[in-house]
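Raw final_33.pdb, PDB, C-alpha atoms:
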```
ATOM      1  CA  MET A 137     253.023 -30.600 -45.300  1.00  0.00           C
ATOM      2  CA  SER A 138     253.526 -29.037 -41.893  1.00  0.00           C
ATOM      3  CA  LYS A 139     250.794 -28.212 -39.424  1.00  0.00           C
ATOM      4  CA  ASN A 140     251.229 -24.577 -40.456  1.00  0.00           C
ATOM      5  CA  GLY A 141     250.695 -25.368 -44.131  1.00  0.00           C
ATOM      6  CA  LEU A 142     253.030 -25.991 -47.039  1.00  0.00           C
ATOM      7  CA  THR A 143     256.764 -26.147 -46.338  1.00  0.00           C
ATOM      8  CA  ILE A 144     259.083 -25.108 -49.152  1.00  0.00           C
ATOM      9  CA  THR A 145     262.682 -26.313 -49.153  1.00  0.00           C
ATOM     10  CA  THR A 146     265.386 -24.863 -51.402  1.00  0.00           C
ATOM     11  CA  LYS A 147     269.172 -25.084 -51.366  1.00  0.00           C
ATOM     12  CA  ASN A 148     269.280 -21.792 -49.417  1.00  0.00           C
ATOM     13  CA  ALA A 149     266.257 -21.884 -47.122  1.00  0.00           C
ATOM     14  CA  ILE A 150     263.347 -23.764 -45.569  1.00  0.00           C
ATOM     15  CA  ILE A 151     260.134 -21.715 -45.535  1.00  0.00           C
ATOM     16  CA  ASN A 152     256.667 -22.255 -44.086  1.00  0.00           C
ATOM     17  CA  SER A 153     253.792 -19.948 -43.253  1.00  0.00           C
ATOM     18  CA  GLN A 154     255.461 -18.722 -40.042  1.00  0.00           C
ATOM     19  CA  TYR A 155     259.220 -18.931 -40.382  1.00  0.00           C
ATOM     20  CA  THR A 156     262.083 -18.760 -42.840  1.00  0.00           C
ATOM     21  CA  PHE A 157     265.153 -20.806 -41.934  1.00  0.00           C
ATOM     22  CA  ILE A 158     268.282 -19.639 -43.779  1.00  0.00           C
ATOM     23  CA  LYS A 159     270.756 -22.486 -44.219  1.00  0.00           C
ATOM     24  CA  ASN A 160     273.792 -20.379 -45.049  1.00  0.00           C
ATOM     25  CA  LYS A 161     274.361 -17.265 -42.920  1.00  0.00           C
ATOM     26  CA  GLU A 162     277.565 -16.225 -44.722  1.00  0.00           C
ATOM     27  CA  PRO A 163     275.810 -13.760 -47.089  1.00  0.00           C
ATOM     28  CA  TYR A 164     274.410 -11.959 -44.019  1.00  0.00           C
ATOM     29  CA  ARG A 165     277.421 -11.905 -41.689  1.00  0.00           C
ATOM     30  CA  LEU A 166     281.101 -11.017 -41.990  1.00  0.00           C
ATOM     31  CA  THR A 167     283.575 -12.707 -39.683  1.00  0.00           C
ATOM     32  CA  ARG A 168     286.481 -10.831 -38.145  1.00  0.00           C
ATOM     33  CA  ALA A 169     288.911 -13.165 -39.896  1.00  0.00           C
ATOM     34  CA  ALA A 170     287.326 -12.597 -43.315  1.00  0.00           C
ATOM     35  CA  SER A 171     287.221  -8.825 -42.806  1.00  0.00           C
ATOM     36  CA  ARG A 172     290.972  -8.658 -42.226  1.00  0.00           C
ATOM     37  CA  SER A 173     291.639  -9.615 -45.861  1.00  0.00           C
ATOM     38  CA  LEU A 174     289.633  -6.627 -47.164  1.00  0.00           C
ATOM     39  CA  ASP A 175     290.857  -3.090 -47.666  1.00  0.00           C
ATOM     40  CA  ASP A 176     288.708  -0.238 -46.345  1.00  0.00           C
ATOM     41  CA  ALA A 177     286.660   0.224 -49.539  1.00  0.00           C
ATOM     42  CA  GLU A 178     286.048  -3.530 -49.874  1.00  0.00           C
ATOM     43  CA  PHE A 179     285.098  -3.746 -46.203  1.00  0.00           C
ATOM     44  CA  LEU A 180     282.521  -0.970 -46.521  1.00  0.00           C
ATOM     45  CA  ARG A 181     280.997  -2.524 -49.656  1.00  0.00           C
ATOM     46  CA  ALA A 182     280.872  -5.970 -48.050  1.00  0.00           C
ATOM     47  CA  THR A 183     279.168  -4.773 -44.874  1.00  0.00           C
ATOM     48  CA  PHE A 184     276.769  -2.490 -46.762  1.00  0.00           C
ATOM     49  CA  ARG A 185     275.639  -5.413 -48.943  1.00  0.00           C
ATOM     50  CA  ARG A 186     275.009  -7.518 -45.870  1.00  0.00           C
ATOM     51  CA  PHE A 187     272.939  -4.811 -44.197  1.00  0.00           C
ATOM     52  CA  MET A 188     270.839  -4.628 -47.362  1.00  0.00           C
ATOM     53  CA  ARG A 189     270.400  -8.414 -47.514  1.00  0.00           C
ATOM     54  CA  LEU A 190     268.999  -8.336 -43.981  1.00  0.00           C
ATOM     55  CA  ARG A 191     266.306  -5.855 -45.014  1.00  0.00           C
ATOM     56  CA  PRO A 192     263.563  -8.441 -45.769  1.00  0.00           C
ATOM     57  CA  PHE A 193     264.015  -9.917 -42.282  1.00  0.00           C
ATOM     58  CA  VAL A 194     263.842  -6.612 -40.402  1.00  0.00           C
ATOM     59  CA  SER A 195     260.074  -6.292 -40.808  1.00  0.00           C
ATOM     60  CA  ASN A 196     257.132  -7.499 -42.866  1.00  0.00           C
ATOM     61  CA  ARG A 197     255.940  -3.902 -43.234  1.00  0.00           C
ATOM     62  CA  ALA A 198     257.069  -2.010 -46.328  1.00  0.00           C
ATOM     63  CA  MET A 199     257.194   1.303 -44.440  1.00  0.00           C
ATOM     64  CA  VAL A 200     259.645  -0.119 -41.886  1.00  0.00           C
ATOM     65  CA  ARG A 201     261.830  -1.655 -44.592  1.00  0.00           C
ATOM     66  CA  GLU A 202     261.911   1.676 -46.450  1.00  0.00           C
ATOM     67  CA  THR A 203     262.912   3.516 -43.270  1.00  0.00           C
ATOM     68  CA  TYR A 204     265.621   0.910 -42.626  1.00  0.00           C
ATOM     69  CA  THR A 205     266.955   1.292 -46.176  1.00  0.00           C
ATOM     70  CA  ASP A 206     267.066   5.078 -45.896  1.00  0.00           C
ATOM     71  CA  TYR A 207     268.791   4.871 -42.510  1.00  0.00           C
ATOM     72  CA  VAL A 208     271.494   2.482 -43.733  1.00  0.00           C
ATOM     73  CA  HIS A 209     272.166   4.696 -46.760  1.00  0.00           C
ATOM     74  CA  TYR A 210     272.485   7.707 -44.448  1.00  0.00           C
ATOM     75  CA  LYS A 211     274.882   5.881 -42.124  1.00  0.00           C
ATOM     76  CA  TYR A 212     277.182   4.957 -45.009  1.00  0.00           C
ATOM     77  CA  ARG A 213     276.874   8.040 -47.194  1.00  0.00           C
ATOM     78  CA  ASP A 214     276.273  11.144 -45.074  1.00  0.00           C
ATOM     79  CA  GLU A 215     276.599  10.598 -41.343  1.00  0.00           C
ATOM     80  CA  LYS A 216     279.347  12.459 -39.469  1.00  0.00           C
ATOM     81  CA  TYR A 217     279.359  10.163 -36.485  1.00  0.00           C
ATOM     82  CA  ILE A 218     282.462  11.513 -34.765  1.00  0.00           C
ATOM     83  CA  LEU A 219     280.925  15.005 -34.808  1.00  0.00           C
ATOM     84  CA  LYS A 220     277.654  13.681 -33.335  1.00  0.00           C
ATOM     85  CA  ARG A 221     279.587  11.756 -30.709  1.00  0.00           C
ATOM     86  CA  SER A 222     281.622  14.817 -29.741  1.00  0.00           C
ATOM     87  CA  LEU A 223     278.441  16.892 -29.283  1.00  0.00           C
ATOM     88  CA  VAL A 224     276.943  14.288 -26.977  1.00  0.00           C
ATOM     89  CA  LEU A 225     280.073  13.521 -24.958  1.00  0.00           C
ATOM     90  CA  ASP A 226     281.081  17.206 -24.918  1.00  0.00           C
ATOM     91  CA  GLU A 227     284.551  16.435 -26.211  1.00  0.00           C
ATOM     92  CA  HIS A 228     286.373  19.687 -26.881  1.00  0.00           C
ATOM     93  CA  LYS A 229     288.961  18.545 -29.364  1.00  0.00           C
ATOM     94  CA  PRO A 230     289.519  18.914 -33.136  1.00  0.00           C
ATOM     95  CA  ILE A 231     287.417  16.559 -35.247  1.00  0.00           C
ATOM     96  CA  ASP A 232     289.632  14.150 -37.164  1.00  0.00           C
ATOM     97  CA  ALA A 233     287.789  12.853 -40.251  1.00  0.00           C
ATOM     98  CA  THR A 234     290.035   9.772 -40.347  1.00  0.00           C
ATOM     99  CA  GLU A 235     288.522   8.677 -37.022  1.00  0.00           C
ATOM    100  CA  ASP A 236     285.025   8.494 -38.532  1.00  0.00           C
ATOM    101  CA  PHE A 237     285.465   4.838 -39.380  1.00  0.00           C
ATOM    102  CA  SER A 238     285.672   1.850 -37.055  1.00  0.00           C
ATOM    103  CA  ARG A 239     285.656  -1.696 -38.371  1.00  0.00           C
ATOM    104  CA  ILE A 240     284.895  -3.300 -35.037  1.00  0.00           C
ATOM    105  CA  GLU A 241     281.924  -0.983 -34.424  1.00  0.00           C
ATOM    106  CA  ILE A 242     280.525  -1.654 -37.910  1.00  0.00           C
ATOM    107  CA  LEU A 243     280.935  -5.417 -37.465  1.00  0.00           C
ATOM    108  CA  ASN A 244     279.275  -5.250 -34.045  1.00  0.00           C
ATOM    109  CA  THR A 245     276.400  -3.288 -35.594  1.00  0.00           C
ATOM    110  CA  LEU A 246     276.006  -5.895 -38.330  1.00  0.00           C
ATOM    111  CA  ASP A 247     275.907  -8.612 -35.660  1.00  0.00           C
ATOM    112  CA  PHE A 248     273.304  -6.555 -33.765  1.00  0.00           C
ATOM    113  CA  VAL A 249     271.002  -6.217 -36.794  1.00  0.00           C
ATOM    114  CA  PHE A 250     271.501  -9.900 -37.620  1.00  0.00           C
ATOM    115  CA  LYS A 251     270.365 -10.839 -34.106  1.00  0.00           C
ATOM    116  CA  ALA A 252     267.447  -8.414 -34.373  1.00  0.00           C
ATOM    117  CA  SER A 253     266.376 -10.215 -37.556  1.00  0.00           C
ATOM    118  CA  CYS A 254     266.454 -13.693 -35.988  1.00  0.00           C
ATOM    119  CA  PHE A 255     263.710 -15.460 -34.082  1.00  0.00           C
ATOM    120  CA  ILE A 256     264.152 -18.478 -31.808  1.00  0.00           C
ATOM    121  CA  PRO A 257     260.874 -20.286 -30.971  1.00  0.00           C
ATOM    122  CA  GLU A 258     260.343 -20.898 -27.274  1.00  0.00           C
ATOM    123  CA  GLY A 259     257.746 -22.593 -25.126  1.00  0.00           C
ATOM    124  CA  PRO A 260     256.547 -22.213 -21.529  1.00  0.00           C
ATOM    125  CA  SER A 261     259.296 -24.557 -20.297  1.00  0.00           C
ATOM    126  CA  VAL A 262     261.920 -23.827 -22.969  1.00  0.00           C
ATOM    127  CA  LYS A 263     263.797 -20.544 -22.655  1.00  0.00           C
ATOM    128  CA  TYR A 264     267.049 -19.482 -24.270  1.00  0.00           C
ATOM    129  CA  GLN A 265     269.334 -16.581 -23.329  1.00  0.00           C
ATOM    130  CA  SER A 266     270.063 -16.029 -27.014  1.00  0.00           C
ATOM    131  CA  ALA A 267     266.325 -15.561 -27.603  1.00  0.00           C
ATOM    132  CA  ARG A 268     266.264 -12.854 -24.922  1.00  0.00           C
ATOM    133  CA  ASP A 269     269.244 -11.148 -26.574  1.00  0.00           C
ATOM    134  CA  ASN A 270     267.583 -11.303 -29.985  1.00  0.00           C
ATOM    135  CA  THR A 271     264.346  -9.872 -28.618  1.00  0.00           C
ATOM    136  CA  MET A 272     266.194  -6.968 -26.990  1.00  0.00           C
ATOM    137  CA  CYS A 273     268.080  -6.224 -30.223  1.00  0.00           C
ATOM    138  CA  ARG A 274     264.829  -6.374 -32.196  1.00  0.00           C
ATOM    139  CA  GLN A 275     263.063  -3.966 -29.825  1.00  0.00           C
ATOM    140  CA  ILE A 276     265.946  -1.470 -29.912  1.00  0.00           C
ATOM    141  CA  LEU A 277     266.131  -1.580 -33.716  1.00  0.00           C
ATOM    142  CA  LYS A 278     262.365  -1.116 -33.929  1.00  0.00           C
ATOM    143  CA  ASN A 279     262.594   1.962 -31.674  1.00  0.00           C
ATOM    144  CA  ILE A 280     265.403   3.448 -33.775  1.00  0.00           C
ATOM    145  CA  LEU A 281     263.447   3.018 -37.017  1.00  0.00           C
ATOM    146  CA  THR A 282     260.270   4.376 -35.417  1.00  0.00           C
ATOM    147  CA  ALA A 283     262.150   7.477 -34.235  1.00  0.00           C
ATOM    148  CA  GLU A 284     263.644   8.007 -37.706  1.00  0.00           C
ATOM    149  CA  TYR A 285     260.220   7.726 -39.307  1.00  0.00           C
ATOM    150  CA  GLU A 286     258.619  10.053 -36.767  1.00  0.00           C
ATOM    151  CA  LYS A 287     261.332  12.688 -37.229  1.00  0.00           C
ATOM    152  CA  GLY A 288     260.358  13.069 -40.860  1.00  0.00           C
ATOM    153  CA  LYS A 289     256.594  12.903 -40.258  1.00  0.00           C
ATOM    154  CA  ASN A 290     256.443  15.402 -37.377  1.00  0.00           C
ATOM    155  CA  ILE A 291     258.885  17.997 -38.703  1.00  0.00           C
ATOM    156  CA  ARG A 292     257.906  17.802 -42.373  1.00  0.00           C
ATOM    157  CA  LYS A 293     255.622  20.864 -42.130  1.00  0.00           C
ATOM    158  CA  LEU A 294     258.521  23.112 -41.145  1.00  0.00           C
ATOM    159  CA  PRO A 295     260.407  25.124 -43.796  1.00  0.00           C
ATOM    160  CA  ILE A 296     263.656  23.282 -42.981  1.00  0.00           C
ATOM    161  CA  SER A 297     263.764  19.647 -44.057  1.00  0.00           C
ATOM    162  CA  PRO A 298     264.093  16.852 -41.455  1.00  0.00           C
ATOM    163  CA  GLN A 299     267.273  15.713 -43.204  1.00  0.00           C
ATOM    164  CA  TYR A 300     268.857  19.122 -42.638  1.00  0.00           C
ATOM    165  CA  THR A 301     267.533  19.458 -39.095  1.00  0.00           C
ATOM    166  CA  PHE A 302     268.532  16.035 -37.777  1.00  0.00           C
ATOM    167  CA  ARG A 303     271.308  14.876 -40.078  1.00  0.00           C
ATOM    168  CA  LYS A 304     273.206  18.001 -41.122  1.00  0.00           C
ATOM    169  CA  LYS A 305     272.712  20.788 -38.602  1.00  0.00           C
ATOM    170  CA  LEU A 306     272.366  18.488 -35.547  1.00  0.00           C
ATOM    171  CA  GLU A 307     270.779  21.276 -33.510  1.00  0.00           C
ATOM    172  CA  HIS A 308     268.583  18.756 -31.711  1.00  0.00           C
ATOM    173  CA  LEU A 309     271.676  17.363 -29.972  1.00  0.00           C
ATOM    174  CA  LYS A 310     272.509  20.781 -28.529  1.00  0.00           C
ATOM    175  CA  TYR A 311     269.228  21.509 -26.732  1.00  0.00           C
ATOM    176  CA  SER A 312     269.462  21.009 -22.982  1.00  0.00           C
ATOM    177  CA  ASN A 313     266.511  20.772 -20.595  1.00  0.00           C
ATOM    178  CA  ASP A 314     267.486  24.105 -18.983  1.00  0.00           C
ATOM    179  CA  TYR A 315     267.652  25.811 -22.389  1.00  0.00           C
ATOM    180  CA  ILE A 316     264.191  24.520 -23.348  1.00  0.00           C
ATOM    181  CA  GLU A 317     262.622  25.683 -20.066  1.00  0.00           C
ATOM    182  CA  GLU A 318     264.220  29.120 -20.345  1.00  0.00           C
ATOM    183  CA  THR A 319     263.169  29.549 -23.963  1.00  0.00           C
ATOM    184  CA  MET A 320     259.610  28.310 -23.370  1.00  0.00           C
ATOM    185  CA  GLY A 321     259.164  30.953 -20.679  1.00  0.00           C
ATOM    186  CA  LYS A 322     259.854  33.701 -23.221  1.00  0.00           C
ATOM    187  CA  ILE A 323     257.612  32.407 -26.048  1.00  0.00           C
ATOM    188  CA  ASN A 324     254.148  33.892 -26.495  1.00  0.00           C
ATOM    189  CA  GLU A 325     251.171  32.412 -28.366  1.00  0.00           C
ATOM    190  CA  LYS A 326     252.552  33.552 -31.719  1.00  0.00           C
ATOM    191  CA  GLY A 327     255.617  31.480 -31.115  1.00  0.00           C
ATOM    192  CA  LYS A 328     253.684  28.288 -30.388  1.00  0.00           C
ATOM    193  CA  LEU A 329     254.744  26.566 -33.616  1.00  0.00           C
ATOM    194  CA  LYS A 330     258.371  27.312 -32.864  1.00  0.00           C
ATOM    195  CA  ALA A 331     257.919  26.060 -29.303  1.00  0.00           C
ATOM    196  CA  ASP A 332     256.347  22.804 -30.501  1.00  0.00           C
ATOM    197  CA  SER A 333     259.214  22.341 -32.934  1.00  0.00           C
ATOM    198  CA  MET A 334     261.805  22.908 -30.204  1.00  0.00           C
ATOM    199  CA  ILE A 335     260.142  20.439 -27.861  1.00  0.00           C
ATOM    200  CA  LYS A 336     260.084  17.768 -30.552  1.00  0.00           C
ATOM    201  CA  GLN A 337     263.695  18.456 -31.440  1.00  0.00           C
ATOM    202  CA  TYR A 338     264.628  18.227 -27.758  1.00  0.00           C
ATOM    203  CA  LEU A 339     262.855  14.866 -27.390  1.00  0.00           C
ATOM    204  CA  TYR A 340     264.485  13.471 -30.530  1.00  0.00           C
ATOM    205  CA  GLY A 341     267.772  14.853 -29.258  1.00  0.00           C
ATOM    206  CA  GLU A 342     267.324  12.945 -26.012  1.00  0.00           C
ATOM    207  CA  PHE A 343     266.700   9.769 -28.001  1.00  0.00           C
ATOM    208  CA  ASP A 344     269.769  10.274 -30.194  1.00  0.00           C
ATOM    209  CA  ARG A 345     271.966  11.166 -27.217  1.00  0.00           C
ATOM    210  CA  ASN A 346     270.927   7.985 -25.433  1.00  0.00           C
ATOM    211  CA  LEU A 347     271.552   6.010 -28.624  1.00  0.00           C
ATOM    212  CA  ILE A 348     275.102   7.326 -28.837  1.00  0.00           C
ATOM    213  CA  LEU A 349     275.651   6.464 -25.170  1.00  0.00           C
ATOM    214  CA  LEU A 350     274.388   2.952 -25.918  1.00  0.00           C
ATOM    215  CA  ASN A 351     276.845   2.764 -28.815  1.00  0.00           C
ATOM    216  CA  GLU A 352     279.631   3.723 -26.435  1.00  0.00           C
ATOM    217  CA  LEU A 353     278.589   0.946 -24.086  1.00  0.00           C
ATOM    218  CA  ILE A 354     278.313  -1.918 -26.590  1.00  0.00           C
ATOM    219  CA  LYS A 355     280.776  -0.602 -29.234  1.00  0.00           C
ATOM    220  CA  THR A 356     278.325  -0.215 -32.130  1.00  0.00           C
ATOM    221  CA  ARG A 357     277.285   2.480 -34.615  1.00  0.00           C
ATOM    222  CA  LEU A 358     273.507   2.127 -34.382  1.00  0.00           C
TER     223      LEU A 358
END
```
Rewrite the structure from the file as structure tokens, please.
Amino acid sequence: MSKNGLTITTKNAIINSQYTFIKNKEPYRLTRAASRSLDDAEFLRATFRRFMRLRPFVSNRAMVRETYTDYVHYKYRDEKYILKRSLVLDEHKPIDATEDFSRIEILNTLDFVFKASCFIPEGPSVKYQSARDNTMCRQILKNILTAEYEKGKNIRKLPISPQYTFRKKLEHLKYSNDYIEETMGKINEKGKLKADSMIKQYLYGEFDRNLILLNELIKTRL
């Protein structure tokens, strides 16, 4: 018995009322050396499985886990990341579909989510840099999932689905602050719903633009 209650020990984990300690991290991570032996299809399957295995550790809340699951499926199945990146960085060049795949960025993203799922206990006199890194990763991942959830909740009343608005059409990445101010000045009371929609799309666009800039900085595909 621990002071927190019953401790359960299995061949894969040690669990008490507060923490779960995973003995073998291999099912959740993919080393660079191991990835080199996989072809592209095998690599994508292997990393996708590991993202899914991390799902229980992302949050205790079912809503957050569902949002995480939907987001990972979108990233693997539908996202046109190179197109999104070109809109944000204003790159005027033909979009090459073969570029829409980067092993190192996917592996870095897996490492990021792994760190976001880990917790290192600290005390007043015991501090670890790795704990600070994990906390930062966890906060960023939480913000991403909150934004994804809010996109669907706030835009759901519009005739166009959130999936089409934010994942297919990508109009929210094209709104600039000057464009919003100019358009708002021309909208009357009857256009209030449209104005509210544009403001929300602009704010979500700002979030997604900053996320892509963060990806550029740390070489991820968050």
Hits of the PyMOL selection byres ((chain A and resi 345) around 10) in this structure, as number ranges by chain: A: 220-221, 223-225, 308-310, 339-344, 346-351
Result set, the PyMOL selection byres ((chain A and resi 183) around 10) on current file, as a ChimeraX atom specification: /A:163-166,171,178-182,184-189,212,239,242-243,245-246
Separation of CA of Thr167 in chain A from CA of Met272 in chain A, in Å and rounded to one decimal: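 A separation of 22.3 Å between them.
Here CA of Ser253 in chain A is placed at a distance of 18.5 Å from CA of Ala283 in chain A.
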Residues returned when the PyMOL selection byres ((chain A and resi 254) around 9) runs on this file, as a PyMOL selection string: chain A and resi 193-194+249-253+255-256+267+270-271+274
Distance query Arg201 in chain A at most 10 Å, only C-alpha atoms, self and fewer than 4 positions along chain excluded, as an MDAnalysis selection string: chainID A and resid 188 190:197 205:207 281
File dump, residues just selected, C-alpha atoms, as a compact mmCIF listing (two decimals), in the coordinates of the input:
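Heads up, here's the output in part-v8.txt:
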```txt
# COMPACT_ATOMS: atom_id res chain seq x y z
CA MET A 188 270.84 -4.63 -47.36
CA LEU A 190 269.00 -8.34 -43.98
CA ARG A 191 266.31 -5.86 -45.01
CA PRO A 192 263.56 -8.44 -45.77
CA PHE A 193 264.02 -9.92 -42.28
CA VAL A 194 263.84 -6.61 -40.40
CA SER A 195 260.07 -6.29 -40.81
CA ASN A 196 257.13 -7.50 -42.87
CA ARG A 197 255.94 -3.90 -43.23
CA THR A 205 266.96 1.29 -46.18
CA ASP A 206 267.07 5.08 -45.90
CA TYR A 207 268.79 4.87 -42.51
CA LEU A 281 263.45 3.02 -37.02
```
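Note that the spacing between CA of Lys278 in chain A and CA of Asp214 in chain A amounts to 21.6 Å.
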Radius query 7 Å about (269.0, 5.3, -38.8), atoms used: all atoms listed in the file, as a list of chain:residue names: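 Selection result: A:Tyr204, A:Tyr207, A:Val208, A:Lys211, A:Ile280, A:Leu281, A:Glu284.
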